[in-house]
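A short worksheet on the structure shown next.
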2 protein chains.
Amino acid sequence: MPEINLEKLFAGDTRTVARAITKVENGTAGAAELMRAVFPQTGKATVIGITGSPGAGKSSLVDKLALHYKEKGERIGIVCIDPSSPFSGGAILGDRIRMATLGLDKNVFIRSMATRGNLGGLSRATVDAVAVLDAAGFDKVIVETVGVGQDEVEIVKAADVSVVVLVPGMGDDIQAIKAGIMEIGDVFVINKADREGVLRIQKELEALLSLAHRPDMWNPPIVRTIATENKGIEDLATAIESYSDYDSEAADASRERKIAIARWRLTELLREALLERLLAKNGSEGNLDRLARQIADKQTDPYSAVDELLNAG
Amino acid sequence: MPEINLEKLFAGDTRTVARAITKVENGTAGAAELMRAVFPQTGKATVIGITGSPGAGKSSLVDKLALHYKEKGERIGIVCIDPSSPFSGGAILGDRIRMATLGLDKNVFIRSMATRGNLGGLSRATVDAVAVLDAAGFDKVIVETVGVGQDEVEIVKAADVSVVVLVPGMGDDIQAIKAGIMEIGDVFVINKADREGVLRIQKELEALLSLAHRPDMWNPPIVRTIATENKGIEDLATAIESYSDYDSEAADASRERKIAIARWRLTELLREALLERLLAKNGSEGNLDRLARQIADKQTDPYSAVDELLNAG
């Protein structure tokens, strides 16, 4: 893979940005070096994390929000986290459809990140991709996740503003409360707000939020949208901006949060680096295969196998 | 924490099972030793993984399925994966409500597993909890996940039978295709099948499944249920059983899958053990804190920080 031209990257050249993200996604040699150069250039973009369950209409909402920013003359980067398997062509197809909607030009960049199998690294790659877009001069970077899994929650928490998207009709389900997304939302959206049950979900959400304890005393606003009809998008943009302003004034809480994010990110990187270092050793991959077979055949148990690998490593 | 009485555990004593799961969840000293004793006793239960988005009615479905098995005289263990933060009391409250529904006796055991913060380990703890229930003689172990995140997909893939729950009205959203859950489902459920849009989601699902390539040639059945009215539960149980039978006959594919699961599990354990070993070293936690502060203040970048920690370790 050719070297990334840093000058072009920081100037926001689309092809260079795409190549840089591929580099961090693959974790190829030079990715760490690239990120060392990128890191000092970050911190200018507003990073907006958007999460919610499939079917909540997040893609439409993100697209409309991106168009809103674009019309105001801003540059927008979108990173979609896609828990689909590497076999699926869904991500690429989806990107193409969305690029057509958003109008493919140098002011809007969209990229799906798929999981990378057993070695993990989705969180690391996503956070790095966001940093690349930030350094490339995008004003807003939107991170959109499909899932509400552990990794996805962490990634959205790492954004400057976290938006949680709900839809009417979820309310029957105690799952909605258990999903643990209540505590990460700086802004809540009730999308598809023309559907039956809007009042009910609004009331439930208000009740849950009144029980939540935020260290920073912020009272998360609830915005109603109908993304497909472009309704409520400006309200959403205003809510995002108001939290962003609040957060930058609450300097102490903000710094503590930044440290917590840095600590999480460092731990993720460390975990990945430690495993890679072990597996890079001669024979480790072979040992892993052999032990996996022995576990499947119940000749050994996973804990004894780990001990063996640690002692060999 | 007192030692786990293995005799009582293997006899299925509820309190001992609960204590054993707490031990593996906390990853306390003795957890690895416990799992070494548990592992040879596993492999008898049918492990059923159930996933789908929040609002799909998974909890009701799982409860009704558990009651169905209970009426047939079987013992059922339920493990719920809950991506909520440790601050949330939602999980415990939810368990209590569900225990009341299911009838709390020694034949039904339910337990929510929450994420454990930065050190991760949810996947490891969940797989261990399933093994504990298996060894304790539960006939069916149901693993229910709220999310469709990376960890959750891996956990459900590790089950003997994976069930994906959908609801009518998701179809507008390209997300449903991208969610990557299509490829992990051995059985699909359309819950809330009295709602508008059942035919549409059935057609879409059939179309997507016809595109999917399964190495084992299994054709995943689609079952319609209305869990709240106890409709379709027997059909679901039959579909689960038919895949379970198919899979145990397809011995080669089944063994390859078992090896792949063992390899994933081993990698997870290894990743966790490597990080724990590094952080257990004198001064490592302090270094991590110091470096996190330096990253937040942009005095260093995460990649250089990892190098420092690796070289110190």
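Residue names in the structure tokens use chain letters A, B, ... in the order shown, residue numbers from 1 in each chain, and ligand numbers from 1 in the order shown.
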
Any idea what's packed within 6 Å of region 30-46 of chain B, counting only C-alpha atoms, ignoring anything in its chain fewer than 4 positions away? Could you give it as a PyMOL selection string? chain B and resi 23-24+134-135+139-140

Please, can I see chain A fitted onto chain B by all in-order Cα atoms (least squares), as a compact mmCIF listing (two decimals) with C-alpha atoms, in the first residue's frame?
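This is the output file superposed_2.txt:
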```txt
# COMPACT_ATOMS: atom_id res chain seq x y z
CA MET A 1 -15.99 -15.58 48.52
CA PRO A 2 -16.59 -19.16 49.69
CA GLU A 3 -15.55 -22.10 47.55
CA ILE A 4 -18.17 -23.49 45.17
CA ASN A 5 -19.41 -26.91 46.23
CA LEU A 6 -19.02 -28.82 42.97
CA GLU A 7 -21.23 -31.70 44.04
CA LYS A 8 -24.11 -29.29 44.73
CA LEU A 9 -23.39 -27.43 41.51
CA PHE A 10 -23.55 -30.54 39.33
CA ALA A 11 -26.73 -31.56 41.18
CA GLY A 12 -28.26 -28.29 40.01
CA ASP A 13 -28.64 -26.54 43.38
CA THR A 14 -29.96 -23.06 42.51
CA ARG A 15 -28.02 -21.08 45.10
CA THR A 16 -24.77 -22.77 44.18
CA VAL A 17 -25.43 -22.11 40.49
CA ALA A 18 -26.07 -18.42 41.26
CA ARG A 19 -22.86 -18.18 43.29
CA ALA A 20 -20.84 -19.91 40.58
CA ILE A 21 -22.11 -17.48 37.94
CA THR A 22 -21.26 -14.51 40.16
CA LYS A 23 -17.77 -15.94 40.48
CA VAL A 24 -17.25 -16.19 36.72
CA GLU A 25 -18.88 -12.80 36.18
CA ASN A 26 -16.53 -11.09 38.62
CA GLY A 27 -13.59 -13.02 37.25
CA THR A 28 -12.43 -13.42 40.85
CA ALA A 29 -9.59 -15.68 41.88
CA GLY A 30 -10.78 -19.24 41.56
CA ALA A 31 -12.98 -18.54 38.52
CA ALA A 32 -10.51 -20.21 36.17
CA GLU A 33 -10.15 -23.14 38.54
CA LEU A 34 -13.96 -23.46 38.75
CA MET A 35 -14.24 -23.44 34.96
CA ARG A 36 -11.62 -26.18 34.68
CA ALA A 37 -13.84 -28.37 36.84
CA VAL A 38 -17.02 -27.33 35.03
CA PHE A 39 -15.79 -27.79 31.46
CA PRO A 40 -15.68 -31.62 31.33
CA GLN A 41 -19.31 -31.72 32.55
CA THR A 42 -20.61 -29.62 29.66
CA GLY A 43 -22.05 -30.54 26.27
CA LYS A 44 -25.37 -32.04 27.35
CA ALA A 45 -27.61 -28.98 27.21
CA THR A 46 -29.05 -27.51 24.04
CA VAL A 47 -27.85 -23.91 24.00
CA ILE A 48 -30.29 -21.58 22.23
CA GLY A 49 -29.13 -18.06 21.35
CA ILE A 50 -31.84 -15.47 20.78
CA THR A 51 -31.13 -12.07 19.32
CA GLY A 52 -32.95 -9.19 17.67
CA SER A 53 -33.46 -5.49 18.18
CA PRO A 54 -34.98 -3.93 21.30
CA GLY A 55 -38.74 -3.80 20.95
CA ALA A 56 -38.89 -7.09 19.05
CA GLY A 57 -40.43 -8.72 22.11
CA LYS A 58 -37.57 -11.11 22.81
CA SER A 59 -38.17 -11.26 26.57
CA SER A 60 -41.79 -12.35 26.15
CA LEU A 61 -40.76 -14.87 23.52
CA VAL A 62 -38.02 -16.32 25.72
CA ASP A 63 -40.38 -16.50 28.70
CA LYS A 64 -43.04 -18.33 26.70
CA LEU A 65 -40.49 -20.69 25.21
CA ALA A 66 -39.12 -21.41 28.69
CA LEU A 67 -42.64 -22.14 29.97
CA HIS A 68 -43.17 -24.47 27.01
CA TYR A 69 -40.07 -26.46 27.92
CA LYS A 70 -40.95 -26.38 31.60
CA GLU A 71 -44.36 -27.91 30.92
CA LYS A 72 -42.57 -30.74 29.12
CA GLY A 73 -40.65 -31.41 32.34
CA GLU A 74 -37.36 -29.85 31.33
CA ARG A 75 -35.06 -27.58 33.34
CA ILE A 76 -34.30 -24.23 31.70
CA GLY A 77 -31.52 -21.74 32.35
CA ILE A 78 -31.78 -18.22 30.91
CA VAL A 79 -28.83 -15.85 30.56
CA CYS A 80 -29.67 -12.29 29.46
CA ILE A 81 -26.91 -10.13 28.11
CA ASP A 82 -27.50 -6.58 29.13
CA PRO A 83 -25.35 -3.85 27.64
CA SER A 84 -26.53 -1.37 30.26
CA SER A 85 -24.11 0.48 32.43
CA PRO A 86 -23.35 -0.74 35.93
CA PHE A 87 -25.27 2.26 37.28
CA SER A 88 -28.56 0.92 35.97
CA GLY A 89 -30.83 -1.09 38.22
CA GLY A 90 -32.87 -2.15 35.20
CA ALA A 91 -31.44 -5.64 34.95
CA ILE A 92 -32.21 -6.70 38.51
CA LEU A 93 -35.70 -5.23 38.39
CA GLY A 94 -36.33 -6.95 35.07
CA ASP A 95 -35.15 -10.32 36.41
CA ARG A 96 -37.52 -10.06 39.37
CA ILE A 97 -40.52 -9.28 37.16
CA ARG A 98 -39.66 -12.17 34.87
CA MET A 99 -39.06 -14.63 37.70
CA ALA A 100 -42.58 -13.88 38.92
CA THR A 101 -43.96 -14.62 35.43
CA LEU A 102 -41.96 -17.79 34.98
CA GLY A 103 -42.62 -19.15 38.45
CA LEU A 104 -39.50 -19.23 40.53
CA ASP A 105 -38.55 -22.82 41.17
CA LYS A 106 -35.54 -25.03 40.70
CA ASN A 107 -36.51 -25.81 37.10
CA VAL A 108 -36.15 -22.27 35.78
CA PHE A 109 -33.10 -20.14 36.43
CA ILE A 110 -32.74 -16.61 35.08
CA ARG A 111 -29.75 -14.31 35.26
CA SER A 112 -28.80 -11.01 33.64
CA MET A 113 -25.16 -10.32 32.88
CA ALA A 114 -24.18 -6.67 32.65
CA THR A 115 -21.11 -5.29 30.96
CA ARG A 116 -18.15 -4.91 33.21
CA GLY A 117 -16.71 -1.64 32.00
CA ASN A 118 -13.41 -1.13 30.26
CA LEU A 119 -11.87 -4.48 30.94
CA GLY A 120 -14.55 -6.10 28.82
CA GLY A 121 -15.00 -9.79 29.43
CA LEU A 122 -18.74 -9.88 28.77
CA SER A 123 -18.35 -12.55 26.11
CA ARG A 124 -16.08 -14.63 28.32
CA ALA A 125 -18.36 -14.34 31.35
CA THR A 126 -21.46 -15.18 29.31
CA VAL A 127 -19.95 -18.24 27.70
CA ASP A 128 -18.76 -19.37 31.14
CA ALA A 129 -22.22 -18.82 32.67
CA VAL A 130 -23.73 -20.96 29.92
CA ALA A 131 -21.18 -23.68 30.68
CA VAL A 132 -22.06 -23.52 34.40
CA LEU A 133 -25.77 -24.00 33.63
CA ASP A 134 -24.97 -26.83 31.21
CA ALA A 135 -22.85 -28.59 33.84
CA ALA A 136 -25.60 -28.02 36.45
CA GLY A 137 -27.90 -30.22 34.39
CA PHE A 138 -30.19 -27.68 32.74
CA ASP A 139 -31.67 -29.25 29.60
CA LYS A 140 -32.05 -26.01 27.71
CA VAL A 141 -29.90 -22.93 28.16
CA ILE A 142 -31.29 -19.82 26.47
CA VAL A 143 -28.95 -16.88 25.86
CA GLU A 144 -30.87 -13.71 25.17
CA THR A 145 -29.15 -10.57 23.93
CA VAL A 146 -30.58 -7.10 23.71
CA GLY A 147 -28.17 -5.79 21.16
CA VAL A 148 -26.94 -6.71 17.73
CA GLY A 149 -23.41 -5.55 18.43
CA GLN A 150 -20.23 -7.42 17.68
CA ASP A 151 -19.97 -9.15 21.06
CA GLU A 152 -23.63 -10.14 21.02
CA VAL A 153 -23.39 -11.62 17.53
CA GLU A 154 -20.36 -13.66 18.60
CA ILE A 155 -22.12 -14.92 21.70
CA VAL A 156 -25.22 -15.96 19.79
CA LYS A 157 -23.07 -17.62 17.13
CA ALA A 158 -21.55 -19.73 19.90
CA ALA A 159 -24.98 -21.27 20.70
CA ASP A 160 -26.09 -24.63 19.30
CA VAL A 161 -29.09 -22.96 17.66
CA SER A 162 -29.29 -19.24 16.85
CA VAL A 163 -32.71 -17.62 16.65
CA VAL A 164 -33.15 -14.15 15.15
CA VAL A 165 -36.33 -12.27 16.09
CA LEU A 166 -37.78 -9.65 13.74
CA VAL A 167 -41.00 -7.65 13.82
CA PRO A 168 -43.20 -6.24 11.07
CA GLY A 169 -42.48 -2.60 10.27
CA MET A 170 -38.68 -2.87 10.18
CA GLY A 171 -38.75 -3.28 6.43
CA ASP A 172 -38.40 0.38 5.45
CA ASP A 173 -34.94 0.33 6.71
CA ILE A 174 -31.87 -0.80 4.85
CA GLN A 175 -30.39 -1.21 8.35
CA ALA A 176 -32.27 -4.45 8.74
CA ILE A 177 -30.20 -5.88 5.90
CA LYS A 178 -26.98 -4.37 7.14
CA ALA A 179 -27.43 -5.61 10.67
CA GLY A 180 -25.51 -8.73 9.74
CA ILE A 181 -27.84 -10.93 11.69
CA MET A 182 -29.10 -12.64 8.55
CA GLU A 183 -26.09 -14.90 8.37
CA ILE A 184 -26.20 -16.08 11.96
CA GLY A 185 -29.85 -17.16 12.12
CA ASP A 186 -30.58 -20.88 12.10
CA VAL A 187 -34.23 -20.08 12.79
CA PHE A 188 -36.04 -16.78 12.11
CA VAL A 189 -39.03 -15.53 14.07
CA ILE A 190 -41.46 -12.85 12.99
CA ASN A 191 -42.91 -11.83 16.33
CA LYS A 192 -45.94 -9.56 16.82
CA ALA A 193 -47.27 -11.31 13.72
CA ASP A 194 -50.71 -9.75 14.18
CA ARG A 195 -49.26 -6.41 13.13
CA GLU A 196 -49.51 -4.85 9.72
CA GLY A 197 -46.65 -5.66 7.37
CA VAL A 198 -46.18 -9.37 8.18
CA LEU A 199 -46.35 -10.45 4.55
CA ARG A 200 -43.91 -7.77 3.52
CA ILE A 201 -41.26 -8.70 6.08
CA GLN A 202 -41.76 -12.41 5.31
CA LYS A 203 -41.15 -11.77 1.59
CA GLU A 204 -38.10 -9.61 2.29
CA LEU A 205 -36.70 -12.18 4.67
CA GLU A 206 -37.22 -14.98 2.14
CA ALA A 207 -35.49 -12.91 -0.54
CA LEU A 208 -32.52 -12.20 1.74
CA LEU A 209 -32.26 -15.82 2.83
CA SER A 210 -32.27 -16.99 -0.78
CA LEU A 211 -29.16 -14.84 -1.33
CA ALA A 212 -27.33 -16.11 1.73
CA HIS A 213 -24.77 -18.90 1.45
CA ARG A 214 -24.68 -21.36 4.29
CA PRO A 215 -21.84 -23.86 4.24
CA ASP A 216 -24.12 -26.50 5.76
CA MET A 217 -26.99 -26.23 3.22
CA TRP A 218 -29.53 -25.69 6.01
CA ASN A 219 -32.57 -23.70 4.92
CA PRO A 220 -33.56 -21.58 7.94
CA PRO A 221 -37.29 -21.80 8.69
CA ILE A 222 -39.34 -18.66 9.34
CA VAL A 223 -41.76 -18.98 12.27
CA ARG A 224 -44.53 -16.48 13.03
CA THR A 225 -45.34 -15.85 16.69
CA ILE A 226 -47.41 -13.58 18.91
CA ALA A 227 -45.49 -14.16 22.12
CA THR A 228 -47.83 -12.14 24.33
CA GLU A 229 -50.71 -14.43 23.30
CA ASN A 230 -48.57 -17.56 23.44
CA LYS A 231 -49.12 -18.18 19.72
CA GLY A 232 -46.55 -19.96 17.58
CA ILE A 233 -44.36 -21.03 20.52
CA GLU A 234 -44.73 -24.74 19.77
CA ASP A 235 -43.79 -24.10 16.12
CA LEU A 236 -40.70 -22.28 17.34
CA ALA A 237 -39.73 -25.17 19.63
CA THR A 238 -40.17 -27.58 16.69
CA ALA A 239 -38.01 -25.41 14.40
CA ILE A 240 -35.28 -25.23 17.07
CA GLU A 241 -35.36 -29.00 17.52
CA SER A 242 -35.22 -29.67 13.79
CA TYR A 243 -32.09 -27.54 13.38
CA SER A 244 -30.53 -29.12 16.45
CA ASP A 245 -31.17 -32.60 14.95
CA TYR A 246 -29.86 -31.53 11.54
CA ASP A 247 -26.73 -30.06 13.06
CA SER A 248 -25.84 -33.12 15.11
CA GLU A 249 -26.16 -35.30 11.98
CA ALA A 250 -24.01 -32.97 9.89
CA ALA A 251 -21.04 -34.09 11.94
CA ASP A 252 -18.26 -32.52 9.86
CA ALA A 253 -19.80 -29.07 9.62
CA SER A 254 -20.71 -29.28 13.28
CA ARG A 255 -17.15 -30.13 14.34
CA GLU A 256 -15.71 -27.31 12.21
CA ARG A 257 -18.15 -24.93 13.88
CA LYS A 258 -17.17 -26.20 17.33
CA ILE A 259 -13.51 -25.62 16.52
CA ALA A 260 -14.26 -22.10 15.27
CA ILE A 261 -16.16 -21.36 18.48
CA ALA A 262 -13.34 -22.76 20.61
CA ARG A 263 -10.84 -20.64 18.70
CA TRP A 264 -12.93 -17.49 19.24
CA ARG A 265 -13.36 -18.26 22.91
CA LEU A 266 -9.68 -18.94 23.36
CA THR A 267 -8.79 -15.65 21.66
CA GLU A 268 -11.20 -13.74 23.91
CA LEU A 269 -9.76 -15.34 27.04
CA LEU A 270 -6.24 -14.72 25.86
CA ARG A 271 -6.90 -11.05 25.15
CA GLU A 272 -8.33 -10.58 28.62
CA ALA A 273 -5.56 -12.56 30.32
CA LEU A 274 -2.82 -10.61 28.52
CA LEU A 275 -4.28 -7.25 29.55
CA GLU A 276 -4.80 -8.40 33.13
CA ARG A 277 -1.23 -9.67 33.31
CA LEU A 278 0.13 -6.36 32.08
CA LEU A 279 -2.05 -4.25 34.38
CA ALA A 280 -1.20 -6.42 37.38
CA LYS A 281 2.41 -5.29 37.09
CA ASN A 282 3.62 -2.68 39.53
CA GLY A 283 2.88 0.82 38.33
CA SER A 284 0.96 -0.18 35.20
CA GLU A 285 -2.36 1.23 36.38
CA GLY A 286 -0.63 4.48 37.29
CA ASN A 287 1.08 4.62 33.90
CA LEU A 288 -2.26 4.04 32.18
CA ASP A 289 -3.83 6.92 34.12
CA ARG A 290 -0.93 9.25 33.44
CA LEU A 291 -0.91 8.45 29.71
CA ALA A 292 -4.70 8.85 29.46
CA ARG A 293 -4.30 12.37 30.89
CA GLN A 294 -1.48 13.14 28.46
CA ILE A 295 -3.60 11.98 25.52
CA ALA A 296 -6.57 14.07 26.68
CA ASP A 297 -4.23 17.07 26.87
CA LYS A 298 -2.71 16.18 23.45
CA GLN A 299 0.78 15.85 24.95
CA THR A 300 1.04 12.40 23.40
CA ASP A 301 -0.94 10.21 21.03
CA PRO A 302 -2.56 6.84 21.85
CA TYR A 303 -0.16 4.83 19.67
CA SER A 304 2.97 6.20 21.26
CA ALA A 305 1.35 5.62 24.66
CA VAL A 306 0.74 1.96 23.82
CA ASP A 307 4.36 1.56 22.77
CA GLU A 308 5.46 2.99 26.10
CA LEU A 309 3.19 0.62 28.03
CA LEU A 310 4.32 -2.40 26.00
CA ASN A 311 7.97 -1.59 26.51
CA ALA A 312 7.51 -1.00 30.23
CA GLY A 313 5.52 -4.25 30.54
```

Which of region 221-251 of chain B counts as strand (DSSP E or B) under DSSP, as a VMD selection string please? chain B and resid 222 to 224 226 231
